[in-house]
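Encoded as structure tokens, the structure appears first; notes follow it.
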Amino acid sequence: MKEKLIKLKDEKYKEFQSKLVPNINKDTIIGIRTPELRNIAKEIFNSDEREVFLNDLPHKYYEENLIHFFIISMIKDFDVCIKEVEKFLPYVDCWPVSDQASPKVFKKHHDKLLPYVKKWIKSKHIYTSRFGIRILMNEYLGDDFKKEYLDLVASVKSEDYYLKMMVAWYFATALAKQYEEIIPYFEEKRLDDWIHKKAIQKACESFRVSDSHKEYLKKLK
């Protein structure tokens, strides 16, 4: 596997990737584009080597971590998928790995998934918490939305940039999907100042937020 990955190395792409994830060792980045990694993940998923790869933790390379989560996202059995997610989350060390995978099976099991999401969000591990917030954002801002989820995300306190950005991203997306329920958080300034301003900025940049809502949000900065 590692030899195969090294053969796909793109030095310019490595430089680009290393700027996106400055918190990890540059030497752990090979420089391989996402479509190629997804193809490799599919190959491993359909091979006899899948279990060996998923159990070979921690991985050496950033790209191996991406492949790992791509494989997990293809697992169709909810219980097996959750088991693999829980096993892998402690090894996630940067935002692209945390953000890339969205297991399709999650959409069919919201009731069973929710306790895990709540646990992940409360985790002290930055990227486990970020992953939990993203899954809550992706899966529970539609028909399954509940106002209590807002307090759950707002309660996340951290000085870590990537976790604060995820909280802001959640509230910006919520403004697009559940505006009437969300707007009191901004009118009453219930969020930390940085997150308040960043969420408004991101909402105003979104095509999913109406022009009238954007104008009102700008007044709340």
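Identifiers in the structure tokens: chain A, B, ... in order shown; residue index from 1 per chain; ligand index from 1 in order shown.
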
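Near region 137-144 of chain A, within a cut-off of 9 Å and counting only C-alpha atoms, sit the residues Ser102, Phe106, Lys107, His110, Gly132, Ile133, Arg134, Tyr149, Trp169, Tyr170, Phe171, Thr173, Ala174, Lys177 and Gln178 of chain A, with same-chain residues fewer than 3 positions away left out.
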
For the residues selected in the previous step, produce a file with N, CA and C atoms as a PDB file, in the first residue's frame.
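File produced: result-v1.pdb:
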```
ATOM      1  N   SER A 102     -18.512  11.045   5.181  1.00  0.00           N
ATOM      2  CA  SER A 102     -19.903  11.107   5.634  1.00  0.00           C
ATOM      3  C   SER A 102     -20.551   9.757   5.321  1.00  0.00           C
ATOM      4  N   PHE A 106     -25.502   6.470   7.827  1.00  0.00           N
ATOM      5  CA  PHE A 106     -25.975   7.347   8.905  1.00  0.00           C
ATOM      6  C   PHE A 106     -27.369   7.892   8.615  1.00  0.00           C
ATOM      7  N   LYS A 107     -27.657   8.180   7.357  1.00  0.00           N
ATOM      8  CA  LYS A 107     -28.938   8.795   7.003  1.00  0.00           C
ATOM      9  C   LYS A 107     -30.127   7.892   7.316  1.00  0.00           C
ATOM     10  N   HIS A 110     -30.900   7.654  12.084  1.00  0.00           N
ATOM     11  CA  HIS A 110     -30.730   8.851  12.907  1.00  0.00           C
ATOM     12  C   HIS A 110     -30.967   8.599  14.390  1.00  0.00           C
ATOM     13  N   GLY A 132     -18.278  15.305  15.232  1.00  0.00           N
ATOM     14  CA  GLY A 132     -19.627  15.204  15.772  1.00  0.00           C
ATOM     15  C   GLY A 132     -20.502  16.383  15.369  1.00  0.00           C
ATOM     16  N   ILE A 133     -19.934  17.589  15.430  1.00  0.00           N
ATOM     17  CA  ILE A 133     -20.691  18.779  15.039  1.00  0.00           C
ATOM     18  C   ILE A 133     -21.033  18.737  13.554  1.00  0.00           C
ATOM     19  N   ARG A 134     -20.091  18.301  12.752  1.00  0.00           N
ATOM     20  CA  ARG A 134     -20.352  18.230  11.307  1.00  0.00           C
ATOM     21  C   ARG A 134     -21.446  17.228  10.984  1.00  0.00           C
ATOM     22  N   TYR A 149     -30.396  20.962  20.061  1.00  0.00           N
ATOM     23  CA  TYR A 149     -29.102  20.730  19.424  1.00  0.00           C
ATOM     24  C   TYR A 149     -28.276  22.014  19.368  1.00  0.00           C
ATOM     25  N   TRP A 169     -19.475  27.384  11.461  1.00  0.00           N
ATOM     26  CA  TRP A 169     -20.007  26.777  10.239  1.00  0.00           C
ATOM     27  C   TRP A 169     -21.384  26.159  10.521  1.00  0.00           C
ATOM     28  N   TYR A 170     -21.499  25.490  11.668  1.00  0.00           N
ATOM     29  CA  TYR A 170     -22.781  24.890  12.046  1.00  0.00           C
ATOM     30  C   TYR A 170     -23.867  25.965  12.126  1.00  0.00           C
ATOM     31  N   PHE A 171     -23.590  27.052  12.833  1.00  0.00           N
ATOM     32  CA  PHE A 171     -24.613  28.078  13.021  1.00  0.00           C
ATOM     33  C   PHE A 171     -24.907  28.829  11.720  1.00  0.00           C
ATOM     34  N   THR A 173     -24.831  27.453   8.738  1.00  0.00           N
ATOM     35  CA  THR A 173     -25.674  26.523   7.982  1.00  0.00           C
ATOM     36  C   THR A 173     -27.072  26.460   8.581  1.00  0.00           C
ATOM     37  N   ALA A 174     -27.142  26.513   9.899  1.00  0.00           N
ATOM     38  CA  ALA A 174     -28.442  26.506  10.578  1.00  0.00           C
ATOM     39  C   ALA A 174     -29.263  27.744  10.201  1.00  0.00           C
ATOM     40  N   LYS A 177     -31.021  26.931   7.081  1.00  0.00           N
ATOM     41  CA  LYS A 177     -32.018  25.860   7.097  1.00  0.00           C
ATOM     42  C   LYS A 177     -33.099  26.000   8.159  1.00  0.00           C
ATOM     43  N   GLN A 178     -32.766  26.671   9.258  1.00  0.00           N
ATOM     44  CA  GLN A 178     -33.716  26.816  10.375  1.00  0.00           C
ATOM     45  C   GLN A 178     -33.665  28.252  10.905  1.00  0.00           C
TER      46      GLN A 178
END
```

Do a neighbour search on region 186-194 of chain A at 9 Å with only C-alpha atoms, toss out local chain neighbours closer than 2 positions, and write the hits as a list in words.
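Final neighbour list, sorted by chain and number: Ala154, Ser155, Lys157, Lys164, Ala168, Ile182, Ile183, Pro184, His196, Lys197, Lys198, Ala199, Ile200, Leu217, Leu220 and Lys221 of chain A.
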
Okay, now the selection with C-alpha atoms, as a PDB file, in the first residue's frame?
```pdb
ATOM      1  CA  ALA A 154     -23.009  26.404  21.567  1.00  0.00           C
ATOM      2  CA  SER A 155     -21.703  24.720  24.708  1.00  0.00           C
ATOM      3  CA  LYS A 157     -15.773  25.952  24.278  1.00  0.00           C
ATOM      4  CA  LYS A 164     -14.304  27.230  16.639  1.00  0.00           C
ATOM      5  CA  ALA A 168     -19.416  28.897  13.341  1.00  0.00           C
ATOM      6  CA  ILE A 182     -31.594  30.212  15.058  1.00  0.00           C
ATOM      7  CA  ILE A 183     -31.871  33.976  14.784  1.00  0.00           C
ATOM      8  CA  PRO A 184     -32.479  34.564  18.547  1.00  0.00           C
ATOM      9  CA  HIS A 196     -20.997  35.142  16.357  1.00  0.00           C
ATOM     10  CA  LYS A 197     -19.151  37.280  13.797  1.00  0.00           C
ATOM     11  CA  LYS A 198     -17.710  34.360  11.825  1.00  0.00           C
ATOM     12  CA  ALA A 199     -21.103  32.636  11.537  1.00  0.00           C
ATOM     13  CA  ILE A 200     -22.687  35.851  10.235  1.00  0.00           C
ATOM     14  CA  LEU A 217     -27.665  39.688   9.926  1.00  0.00           C
ATOM     15  CA  LEU A 220     -26.315  42.188  14.185  1.00  0.00           C
ATOM     16  CA  LYS A 221     -22.541  42.094  13.804  1.00  0.00           C
TER      17      LYS A 221
END
```

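Between CA of Gly31 (chain A) and CA of Gln17 (chain A) the interatomic distance comes to 6.9 Å.
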
Identify all residues of chain A in helix (DSSP H, G or I) (DSSP on the backbone) and supply them as a PyMOL selection string.
chain A and resi 2-7+11-20+26-28+34-45+50-55+62-73+78-91+95-100+104-108+110-121+126-139+148-154+161-177+179-187+193-205+211-219

Contacts of Arg130 (chain A) at 9 Å (only C-alpha atoms; same-chain gap of 3+ positions) as a ChimeraX atom specification
/A:95,98-99,120-121,125-127,133-135,162-164,166-167

If you count only C-alpha atoms, the residue of A:Lys42, A:Ala176, A:Ile67, A:Thr34 closest to Glu205 (chain A) turns out to be A:Ala176

Among A:Val21, A:Phe70, A:Phe207, A:Ile32, Ile44 (chain A) is approached most closely, using only C-alpha atoms, by A:Phe70

One decimal, in Å: what's the spacing between CA of Leu150 (chain A) and CA of Ala172 (chain A)?
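If I compute the distance from CA of Leu150 (chain A) to CA of Ala172 (chain A), I get 11.7 Å.
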